[in-house]
file my_file_9.pdb (PDB, C-alpha atoms, pLDDT in the B column)
ATOM      1  CA  MET A   1     115.420-189.393-131.701  1.00 90.00           C
ATOM      2  CA  ILE A   2     117.551-186.982-133.749  1.00 95.00           C
ATOM      3  CA  HIS A   3     116.034-186.858-137.236  1.00 97.00           C
ATOM      4  CA  ASN A   4     119.476-186.748-138.869  1.00 97.00           C
ATOM      5  CA  ASP A   5     120.150-190.220-137.437  1.00 97.00           C
ATOM      6  CA  VAL A   6     116.793-191.539-138.643  1.00 97.00           C
ATOM      7  CA  LEU A   7     117.388-190.263-142.176  1.00 98.00           C
ATOM      8  CA  ARG A   8     120.971-191.506-142.288  1.00 97.00           C
ATOM      9  CA  ARG A   9     120.237-194.979-140.920  1.00 97.00           C
ATOM     10  CA  LEU A  10     117.129-195.464-143.037  1.00 97.00           C
ATOM     11  CA  ARG A  11     118.981-194.486-146.190  1.00 98.00           C
ATOM     12  CA  TYR A  12     121.783-196.879-145.311  1.00 97.00           C
ATOM     13  CA  ALA A  13     119.421-199.768-144.507  1.00 97.00           C
ATOM     14  CA  LEU A  14     117.600-199.380-147.840  1.00 97.00           C
ATOM     15  CA  ALA A  15     120.722-198.381-149.838  1.00 97.00           C
ATOM     16  CA  ILE A  16     119.157-195.103-150.998  1.00 98.00           C
ATOM     17  CA  ASN A  17     121.763-192.954-152.736  1.00 97.00           C
ATOM     18  CA  ASP A  18     121.554-189.179-153.277  1.00 97.00           C
ATOM     19  CA  THR A  19     119.755-189.449-156.611  1.00 97.00           C
ATOM     20  CA  ALA A  20     117.133-191.817-155.190  1.00 98.00           C
ATOM     21  CA  ALA A  21     116.709-189.658-152.086  1.00 98.00           C
ATOM     22  CA  ILE A  22     116.076-186.519-154.155  1.00 98.00           C
ATOM     23  CA  SER A  23     113.541-188.414-156.300  1.00 98.00           C
ATOM     24  CA  ILE A  24     111.723-189.523-153.119  1.00 98.00           C
ATOM     25  CA  PHE A  25     111.399-185.874-152.037  1.00 97.00           C
ATOM     26  CA  LYS A  26     110.063-185.003-155.488  1.00 97.00           C
ATOM     27  CA  LEU A  27     107.203-187.456-154.951  1.00 96.00           C
ATOM     28  CA  VAL A  28     105.893-185.048-152.297  1.00 95.00           C
ATOM     29  CA  ASN A  29     106.613-182.009-154.466  1.00 93.00           C
ATOM     30  CA  TYR A  30     109.697-180.949-152.529  1.00 95.00           C
ATOM     31  CA  ASP A  31     112.858-179.912-154.367  1.00 96.00           C
ATOM     32  CA  MET A  32     115.677-181.070-152.142  1.00 97.00           C
ATOM     33  CA  GLU A  33     118.977-179.277-152.685  1.00 97.00           C
ATOM     34  CA  ILE A  34     121.967-181.594-152.763  1.00 97.00           C
ATOM     35  CA  ASP A  35     124.032-179.332-150.475  1.00 97.00           C
ATOM     36  CA  TYR A  36     121.344-179.335-147.797  1.00 97.00           C
ATOM     37  CA  LEU A  37     120.898-183.093-148.160  1.00 97.00           C
ATOM     38  CA  HIS A  38     124.612-183.599-147.541  1.00 97.00           C
ATOM     39  CA  ALA A  39     124.499-181.238-144.559  1.00 98.00           C
ATOM     40  CA  VAL A  40     121.708-183.145-142.807  1.00 97.00           C
ATOM     41  CA  MET A  41     123.478-186.437-143.500  1.00 97.00           C
ATOM     42  CA  LYS A  42     126.438-185.334-141.392  1.00 96.00           C
ATOM     43  CA  ARG A  43     126.814-186.240-137.732  1.00 94.00           C
ATOM     44  CA  GLU A  44     126.474-183.642-135.035  1.00 92.00           C
ATOM     45  CA  GLY A  45     129.834-181.957-134.543  1.00 93.00           C
ATOM     46  CA  GLU A  46     131.018-182.520-138.115  1.00 95.00           C
ATOM     47  CA  GLU A  47     131.839-179.498-140.230  1.00 96.00           C
ATOM     48  CA  GLY A  48     128.848-178.309-142.241  1.00 96.00           C
ATOM     49  CA  TYR A  49     126.319-180.190-140.078  1.00 97.00           C
ATOM     50  CA  LEU A  50     122.738-178.905-140.096  1.00 97.00           C
ATOM     51  CA  PRO A  51     119.880-180.318-138.019  1.00 96.00           C
ATOM     52  CA  CYS A  52     117.235-182.191-139.992  1.00 97.00           C
ATOM     53  CA  ARG A  53     113.943-180.414-139.429  1.00 95.00           C
ATOM     54  CA  ASP A  54     110.760-182.283-138.553  1.00 96.00           C
ATOM     55  CA  LYS A  55     109.260-181.168-141.846  1.00 96.00           C
ATOM     56  CA  ILE A  56     112.117-182.726-143.830  1.00 97.00           C
ATOM     57  CA  ILE A  57     112.064-186.163-142.213  1.00 97.00           C
ATOM     58  CA  ALA A  58     108.253-186.220-142.481  1.00 97.00           C
ATOM     59  CA  LEU A  59     108.434-185.405-146.203  1.00 97.00           C
ATOM     60  CA  PHE A  60     111.046-188.099-146.771  1.00 98.00           C
ATOM     61  CA  LEU A  61     108.981-190.752-144.988  1.00 97.00           C
ATOM     62  CA  ASP A  62     105.843-189.698-146.858  1.00 96.00           C
ATOM     63  CA  GLY A  63     107.744-189.866-150.137  1.00 96.00           C
ATOM     64  CA  LEU A  64     108.996-193.340-149.218  1.00 97.00           C
ATOM     65  CA  ILE A  65     105.405-194.420-148.606  1.00 96.00           C
ATOM     66  CA  ILE A  66     104.389-193.190-152.082  1.00 95.00           C
ATOM     67  CA  LYS A  67     107.430-194.850-153.660  1.00 96.00           C
ATOM     68  CA  ASN A  68     106.701-198.232-152.072  1.00 96.00           C
ATOM     69  CA  ARG A  69     102.920-198.204-151.829  1.00 94.00           C
ATOM     70  CA  GLY A  70     101.830-195.861-154.614  1.00 93.00           C
ATOM     71  CA  ARG A  71      99.969-192.567-154.484  1.00 88.00           C
ATOM     72  CA  GLN A  72      96.410-192.423-153.209  1.00 82.00           C
ATOM     73  CA  GLU A  73      94.148-190.645-155.649  1.00 76.00           C
ATOM     74  CA  GLY A  74      93.121-187.182-154.532  1.00 69.00           C
ATOM     75  CA  GLN A  75      95.255-187.267-151.403  1.00 73.00           C
ATOM     76  CA  MET A  76      98.580-185.635-150.661  1.00 72.00           C
ATOM     77  CA  PRO A  77     100.558-185.965-147.428  1.00 74.00           C
ATOM     78  CA  GLN A  78      99.949-183.120-145.036  1.00 80.00           C
ATOM     79  CA  GLU A  79     103.052-180.965-144.655  1.00 84.00           C
ATOM     80  CA  LEU A  80     104.096-180.105-141.110  1.00 89.00           C
ATOM     81  CA  GLY A  81     103.947-176.491-140.041  1.00 84.00           C
ATOM     82  CA  PRO A  82     106.944-174.545-138.682  1.00 82.00           C
ATOM     83  CA  LYS A  83     106.118-175.352-135.049  1.00 87.00           C
ATOM     84  CA  GLU A  84     104.798-178.884-135.544  1.00 92.00           C
ATOM     85  CA  ARG A  85     106.935-181.809-134.401  1.00 95.00           C
ATOM     86  CA  LEU A  86     107.190-185.403-135.625  1.00 96.00           C
ATOM     87  CA  SER A  87     107.193-187.800-132.684  1.00 96.00           C
ATOM     88  CA  ASN A  88     108.928-191.171-132.497  1.00 97.00           C
ATOM     89  CA  ASN A  89     105.470-192.758-132.668  1.00 97.00           C
ATOM     90  CA  GLU A  90     104.820-191.047-136.009  1.00 97.00           C
ATOM     91  CA  VAL A  91     108.241-192.078-137.314  1.00 98.00           C
ATOM     92  CA  LEU A  92     107.457-195.709-136.452  1.00 98.00           C
ATOM     93  CA  ARG A  93     104.015-195.453-138.029  1.00 97.00           C
ATOM     94  CA  LYS A  94     105.328-194.013-141.283  1.00 97.00           C
ATOM     95  CA  ILE A  95     108.113-196.601-141.529  1.00 98.00           C
ATOM     96  CA  ARG A  96     105.546-199.323-140.858  1.00 98.00           C
ATOM     97  CA  ILE A  97     103.307-198.085-143.685  1.00 96.00           C
ATOM     98  CA  ALA A  98     106.192-197.546-146.110  1.00 97.00           C
ATOM     99  CA  MET A  99     107.565-201.062-145.550  1.00 98.00           C
ATOM    100  CA  SER A 100     104.115-202.734-145.348  1.00 97.00           C
ATOM    101  CA  TYR A 101     105.040-204.179-141.961  1.00 98.00           C
ATOM    102  CA  LYS A 102     102.542-206.100-139.892  1.00 97.00           C
ATOM    103  CA  ASP A 103     102.958-206.576-136.137  1.00 96.00           C
ATOM    104  CA  ASP A 104     104.871-209.829-136.593  1.00 97.00           C
ATOM    105  CA  ASP A 105     107.153-208.203-139.187  1.00 98.00           C
ATOM    106  CA  MET A 106     108.108-205.350-136.873  1.00 98.00           C
ATOM    107  CA  ILE A 107     108.663-207.714-133.944  1.00 98.00           C
ATOM    108  CA  ALA A 108     110.916-209.871-136.141  1.00 98.00           C
ATOM    109  CA  VAL A 109     112.930-206.861-137.335  1.00 98.00           C
ATOM    110  CA  LEU A 110     113.355-205.611-133.771  1.00 98.00           C
ATOM    111  CA  LYS A 111     114.451-209.093-132.727  1.00 97.00           C
ATOM    112  CA  LEU A 112     117.291-208.906-135.270  1.00 97.00           C
ATOM    113  CA  ALA A 113     118.643-206.051-133.148  1.00 97.00           C
ATOM    114  CA  ASP A 114     118.197-208.161-129.981  1.00 97.00           C
ATOM    115  CA  PHE A 115     115.228-206.047-128.911  1.00 97.00           C
ATOM    116  CA  ARG A 116     112.257-208.025-127.597  1.00 97.00           C
ATOM    117  CA  ILE A 117     108.772-206.585-127.554  1.00 97.00           C
ATOM    118  CA  SER A 118     105.283-208.074-127.298  1.00 97.00           C
ATOM    119  CA  LYS A 119     102.392-207.378-129.655  1.00 96.00           C
ATOM    120  CA  GLY A 120     100.591-205.526-126.896  1.00 96.00           C
ATOM    121  CA  GLU A 121     103.571-203.256-126.232  1.00 97.00           C
ATOM    122  CA  LEU A 122     104.032-202.618-129.945  1.00 97.00           C
ATOM    123  CA  SER A 123     100.368-201.815-130.607  1.00 97.00           C
ATOM    124  CA  ALA A 124     100.454-199.238-127.792  1.00 97.00           C
ATOM    125  CA  PHE A 125     102.762-197.085-129.931  1.00 97.00           C
ATOM    126  CA  PHE A 126     100.130-196.843-132.675  1.00 97.00           C
ATOM    127  CA  ARG A 127      97.170-195.921-130.497  1.00 96.00           C
ATOM    128  CA  LYS A 128      95.681-192.442-130.548  1.00 94.00           C
ATOM    129  CA  THR A 129      97.293-190.170-128.001  1.00 93.00           C
ATOM    130  CA  ASP A 130      94.085-189.951-125.980  1.00 94.00           C
ATOM    131  CA  HIS A 131      93.680-193.741-125.820  1.00 94.00           C
ATOM    132  CA  ARG A 132      94.182-195.207-122.353  1.00 94.00           C
ATOM    133  CA  ASN A 133      96.680-197.777-123.698  1.00 94.00           C
ATOM    134  CA  PHE A 134      98.732-195.268-125.690  1.00 97.00           C
ATOM    135  CA  LYS A 135     102.455-195.352-124.969  1.00 97.00           C
ATOM    136  CA  THR A 136     105.140-192.892-126.057  1.00 97.00           C
ATOM    137  CA  ALA A 137     107.878-194.534-128.137  1.00 97.00           C
ATOM    138  CA  GLY A 138     111.390-193.912-126.883  1.00 96.00           C
ATOM    139  CA  ASP A 139     114.533-193.406-128.951  1.00 97.00           C
ATOM    140  CA  GLN A 140     115.613-196.973-128.188  1.00 97.00           C
ATOM    141  CA  VAL A 141     112.681-198.480-130.100  1.00 98.00           C
ATOM    142  CA  VAL A 142     113.291-196.391-133.230  1.00 98.00           C
ATOM    143  CA  ARG A 143     117.050-196.970-133.056  1.00 97.00           C
ATOM    144  CA  ASN A 144     116.669-200.750-132.762  1.00 98.00           C
ATOM    145  CA  LEU A 145     114.094-200.895-135.541  1.00 98.00           C
ATOM    146  CA  LEU A 146     116.513-199.138-137.895  1.00 98.00           C
ATOM    147  CA  GLN A 147     119.367-201.376-136.757  1.00 97.00           C
ATOM    148  CA  GLY A 148     117.196-204.421-137.379  1.00 98.00           C
ATOM    149  CA  MET A 149     116.402-203.131-140.864  1.00 98.00           C
ATOM    150  CA  VAL A 150     120.119-202.839-141.599  1.00 97.00           C
ATOM    151  CA  LYS A 151     120.599-206.468-140.555  1.00 96.00           C
ATOM    152  CA  LYS A 152     117.582-207.562-142.597  1.00 97.00           C
ATOM    153  CA  TYR A 153     118.285-205.751-145.846  1.00 97.00           C
ATOM    154  CA  ARG A 154     122.083-205.398-145.726  1.00 95.00           C
ATOM    155  CA  PRO A 155     123.340-208.434-143.795  1.00 92.00           C
ATOM    156  CA  GLU A 156     126.743-208.186-145.473  1.00 88.00           C
ATOM    157  CA  SER A 157     127.412-204.910-143.646  1.00 79.00           C
ATOM    158  CA  THR A 158     126.974-206.516-140.211  1.00 69.00           C
ATOM    159  CA  ARG A 159     128.579-209.891-140.905  1.00 68.00           C
ATOM    160  CA  GLN A 160     131.956-210.430-139.256  1.00 60.00           C
ATOM    161  CA  THR A 161     134.207-213.185-140.486  1.00 45.00           C
ATOM    162  CA  SER A 162     135.958-215.066-137.679  1.00 43.00           C
ATOM    163  CA  PRO A 163     139.605-215.855-138.343  1.00 44.00           C
ATOM    164  CA  ASN A 164     140.553-219.479-138.887  1.00 48.00           C
ATOM    165  CA  LYS A 165     142.056-220.867-135.711  1.00 43.00           C
ATOM    166  CA  SER A 166     144.880-222.525-137.628  1.00 42.00           C
ATOM    167  CA  ASP A 167     145.754-219.158-139.201  1.00 44.00           C
ATOM    168  CA  SER A 168     145.467-217.026-136.072  1.00 41.00           C
ATOM    169  CA  PRO A 169     148.561-215.047-134.993  1.00 42.00           C
ATOM    170  CA  ASN A 170     148.883-216.988-131.729  1.00 45.00           C
ATOM    171  CA  THR A 171     148.743-220.364-133.464  1.00 42.00           C
ATOM    172  CA  LEU A 172     151.212-219.268-136.117  1.00 41.00           C
ATOM    173  CA  GLY A 173     153.556-218.000-133.451  1.00 46.00           C
ATOM    174  CA  THR A 174     153.409-221.298-131.572  1.00 44.00           C
ATOM    175  CA  LYS A 175     154.038-223.324-134.728  1.00 42.00           C
ATOM    176  CA  GLN A 176     156.995-221.113-135.633  1.00 47.00           C
ATOM    177  CA  ALA A 177     158.553-221.503-132.169  1.00 47.00           C
ATOM    178  CA  LEU A 178     158.223-225.305-132.318  1.00 44.00           C
ATOM    179  CA  PHE A 179     159.685-225.368-135.814  1.00 44.00           C
ATOM    180  CA  ASN A 180     162.696-223.263-134.802  1.00 49.00           C
ATOM    181  CA  LYS A 181     163.259-225.435-131.730  1.00 49.00           C
ATOM    182  CA  GLY A 182     163.212-228.605-133.845  1.00 51.00           C
ATOM    183  CA  ALA A 183     165.559-227.096-136.417  1.00 48.00           C
ATOM    184  CA  SER A 184     167.992-226.037-133.680  1.00 49.00           C
ATOM    185  CA  LYS A 185     168.185-229.575-132.271  1.00 49.00           C
ATOM    186  CA  GLN A 186     168.770-230.985-135.750  1.00 50.00           C
ATOM    187  CA  ASN A 187     171.652-228.569-136.364  1.00 48.00           C
ATOM    188  CA  GLU A 188     173.240-229.440-133.022  1.00 49.00           C
ATOM    189  CA  ALA A 189     173.150-233.129-133.949  1.00 50.00           C
ATOM    190  CA  ASN A 190     174.697-232.423-137.385  1.00 52.00           C
ATOM    191  CA  PRO A 191     177.163-229.541-136.876  1.00 50.00           C
ATOM    192  CA  ARG A 192     178.832-230.109-140.258  1.00 51.00           C
ATOM    193  CA  ALA A 193     175.592-230.263-142.195  1.00 47.00           C
ATOM    194  CA  THR A 194     174.878-227.382-144.508  1.00 45.00           C
ATOM    195  CA  ARG A 195     172.281-225.253-142.858  1.00 46.00           C
ATOM    196  CA  LYS A 196     169.618-224.023-145.220  1.00 45.00           C
ATOM    197  CA  LYS A 197     168.210-220.603-144.525  1.00 45.00           C
ATOM    198  CA  ILE A 198     164.543-221.012-143.931  1.00 42.00           C
ATOM    199  CA  ASN A 199     162.170-218.068-144.147  1.00 46.00           C
ATOM    200  CA  THR A 200     159.923-218.385-141.128  1.00 41.00           C
ATOM    201  CA  LYS A 201     158.670-214.847-141.132  1.00 44.00           C
ATOM    202  CA  VAL A 202     154.922-214.757-140.632  1.00 39.00           C
ATOM    203  CA  PRO A 203     153.195-212.598-143.255  1.00 43.00           C
ATOM    204  CA  PRO A 204     151.112-209.785-141.795  1.00 46.00           C
ATOM    205  CA  VAL A 205     147.406-210.415-141.542  1.00 41.00           C
ATOM    206  CA  LYS A 206     145.632-208.437-144.226  1.00 41.00           C
ATOM    207  CA  LYS A 207     142.976-206.102-142.931  1.00 41.00           C
ATOM    208  CA  SER A 208     139.732-206.159-144.837  1.00 39.00           C
ATOM    209  CA  ASP A 209     139.013-203.024-146.816  1.00 38.00           C
ATOM    210  CA  GLU A 210     136.448-200.962-145.008  1.00 39.00           C
ATOM    211  CA  GLY A 211     133.971-199.279-147.299  1.00 35.00           C
ATOM    212  CA  SER A 212     132.408-195.880-146.854  1.00 35.00           C
ATOM    213  CA  VAL A 213     129.549-195.199-144.490  1.00 36.00           C
ATOM    214  CA  TRP A 214     127.170-195.945-147.331  1.00 36.00           C
ATOM    215  CA  GLY A 215     128.783-199.162-148.496  1.00 38.00           C
ATOM    216  CA  LYS A 216     128.316-200.265-152.090  1.00 40.00           C
ATOM    217  CA  LEU A 217     125.187-198.762-153.589  1.00 40.00           C
ATOM    218  CA  PRO A 218     123.451-200.233-156.616  1.00 42.00           C
ATOM    219  CA  LYS A 219     124.318-198.623-159.937  1.00 43.00           C
ATOM    220  CA  LYS A 220     121.549-196.672-161.556  1.00 38.00           C
TER     221      LYS A 220
END
call {"tool": "encode", "arguments": {"input": "my_file_9.pdb", "output": "C-alpha cells"}}
result
Amino acid sequence: MIHNDVLRRLRYALAINDTAAISIFKLVNYDMEIDYLHAVMKREGEEGYLPCRDKIIALFLDGLIIKNRGRQEGQMPQELGPKERLSNNEVLRKIRIAMSYKDDDMIAVLKLADFRISKGELSAFFRKTDHRNFKTAGDQVVRNLLQGMVKKYRPESTRQTSPNKSDSPNTLGTKQALFNKGASKQNEANPRATRKKINTKVPPVKKSDEGSVWGKLPKK
C-alpha cells in the first residue's frame, strides 16, 4: 500500500495534527521538516506531492509505539536502510503493537469496515516469512484496518444523518400541491372572498458544512 495513504489515514483516525506528528518523529530522534510533512500528506497528482519513503513511515510507526507504549530501556528502533522496504505485514505489526491490539481487537476493527477475517488468517500475517503458514498481507487488509480505525475512533466523521421523511423534498412537494389544490377549490366556491396571499415557497434544504480532510482536531 502507498505509504502516503497509510500516514494520512492513520493521522486522521487518531486525530494527530502537525505538531503531534512532529513530536512523534522526535521520539525516534528524527527532525521532521514541516514542508516535507505537508508534501507527503498530499495525494498523488496534487501539486507539491512527494512519495513517503519506507524509512519515514517506519519511523512514524515506531514513534507511535513509543508514544503509546513507552520506550524500552536500552533499545532504539532499527532505522531502515536506503534499499530496505517496509511490507504491509510490518505495517500491520507495528500498528498492532502501537495500539495494543490483540487478535480479537483487530478482527473487531476490521469488521467495522465490513471486512471479515478469521483468527487463523490474521495470525498468518504475523508469522515469520519462512514459516509454512506465513501469508503476505495485501493492500486491502491494511486499507480496511485503517478505515475501521476511523470508524472506531472518529465515528462522527462517518455518521450520516438520514433526512426526516416528513421534511424530505418529495414529501414537501406533495403537501404543497395538495394545499394549492385545496385553496383553488375554496376560491372557486367563494369568488368574492378576499384571497390572502399565502407563501408556499419551500425553503432550500441546508447542506451540512463539510469540514477539512482532517476534521476538527483537539486544541493543544
call {"tool": "residues_around", "arguments": {"input": "my_file_9.pdb", "residues": "Ala113 of chain A", "least_positions_apart": "2", "cutoff": "12 Å", "atoms": "all atoms listed in the file", "output": "list of chain:residue names"}}
result
A:Met106, A:Ile107, A:Ala108, A:Val109, A:Leu110, A:Lys111, A:Phe115, A:Arg116, A:Ile117, A:Gln140, A:Val141, A:Val142, A:Arg143, A:Asn144, A:Leu145, A:Leu146, A:Gln147, A:Gly148, A:Met149, A:Val150, A:Lys151, A:Lys152, A:Pro155, A:Thr158
call {"tool": "atom_distance", "arguments": {"input": "my_file_9.pdb", "atom1": "atom CA of Asp35 of chain A", "atom2": "atom CA of Leu50 of chain A"}}
result
10.5 Å
call {"tool": "closest_residue", "arguments": {"input": "my_file_9.pdb", "among": "A:Arg43, A:His3, A:Lys67, A:Arg127", "to": "Ala21 of chain A", "atoms": "only C-alpha atoms"}}
result
A:Lys67
call {"tool": "atom_distance", "arguments": {"input": "my_file_9.pdb", "atom1": "atom CA of Ala20 of chain A", "atom2": "atom CA of Ile56 of chain A"}}
result
15.4 Å
call {"tool": "resolve_selection", "arguments": {"input": "my_file_9.pdb", "expression": "the PyMOL selection byres ((chain A and resi 88-96) around 8)", "output": "PDB file with C-alpha atoms, in the coordinates of the input"}}
result
ATOM      1  CA  MET A   1     115.420-189.393-131.701  1.00 90.00           C
ATOM      2  CA  ALA A  58     108.253-186.220-142.481  1.00 97.00           C
ATOM      3  CA  LEU A  61     108.981-190.752-144.988  1.00 97.00           C
ATOM      4  CA  ASP A  62     105.843-189.698-146.858  1.00 96.00           C
ATOM      5  CA  ILE A  65     105.405-194.420-148.606  1.00 96.00           C
ATOM      6  CA  LEU A  86     107.190-185.403-135.625  1.00 96.00           C
ATOM      7  CA  SER A  87     107.193-187.800-132.684  1.00 96.00           C
ATOM      8  CA  ILE A  97     103.307-198.085-143.685  1.00 96.00           C
ATOM      9  CA  ALA A  98     106.192-197.546-146.110  1.00 97.00           C
ATOM     10  CA  MET A  99     107.565-201.062-145.550  1.00 98.00           C
ATOM     11  CA  SER A 100     104.115-202.734-145.348  1.00 97.00           C
ATOM     12  CA  TYR A 101     105.040-204.179-141.961  1.00 98.00           C
ATOM     13  CA  LYS A 102     102.542-206.100-139.892  1.00 97.00           C
ATOM     14  CA  MET A 106     108.108-205.350-136.873  1.00 98.00           C
ATOM     15  CA  PHE A 125     102.762-197.085-129.931  1.00 97.00           C
ATOM     16  CA  PHE A 126     100.130-196.843-132.675  1.00 97.00           C
ATOM     17  CA  THR A 136     105.140-192.892-126.057  1.00 97.00           C
ATOM     18  CA  ALA A 137     107.878-194.534-128.137  1.00 97.00           C
ATOM     19  CA  GLY A 138     111.390-193.912-126.883  1.00 96.00           C
ATOM     20  CA  ASP A 139     114.533-193.406-128.951  1.00 97.00           C
ATOM     21  CA  VAL A 142     113.291-196.391-133.230  1.00 98.00           C
TER      22      VAL A 142
END
call {"tool": "closest_residue", "arguments": {"input": "my_file_9.pdb", "among": "A:Tyr36, A:Phe25, A:Leu64, A:Pro77", "to": "Leu10 of chain A", "atoms": "all atoms listed in the file"}}
result
A:Leu64
call {"tool": "atom_distance", "arguments": {"input": "my_file_9.pdb", "atom1": "atom CA of Ile57 of chain A", "atom2": "atom CA of Arg9 of chain A"}}
result
12.1 Å
call {"tool": "closest_residue", "arguments": {"input": "my_file_9.pdb", "among": "A:Asp114, A:Glu84, A:Glu121, A:Asp54", "to": "Val40 of chain A", "atoms": "only C-alpha atoms"}}
result
A:Asp54
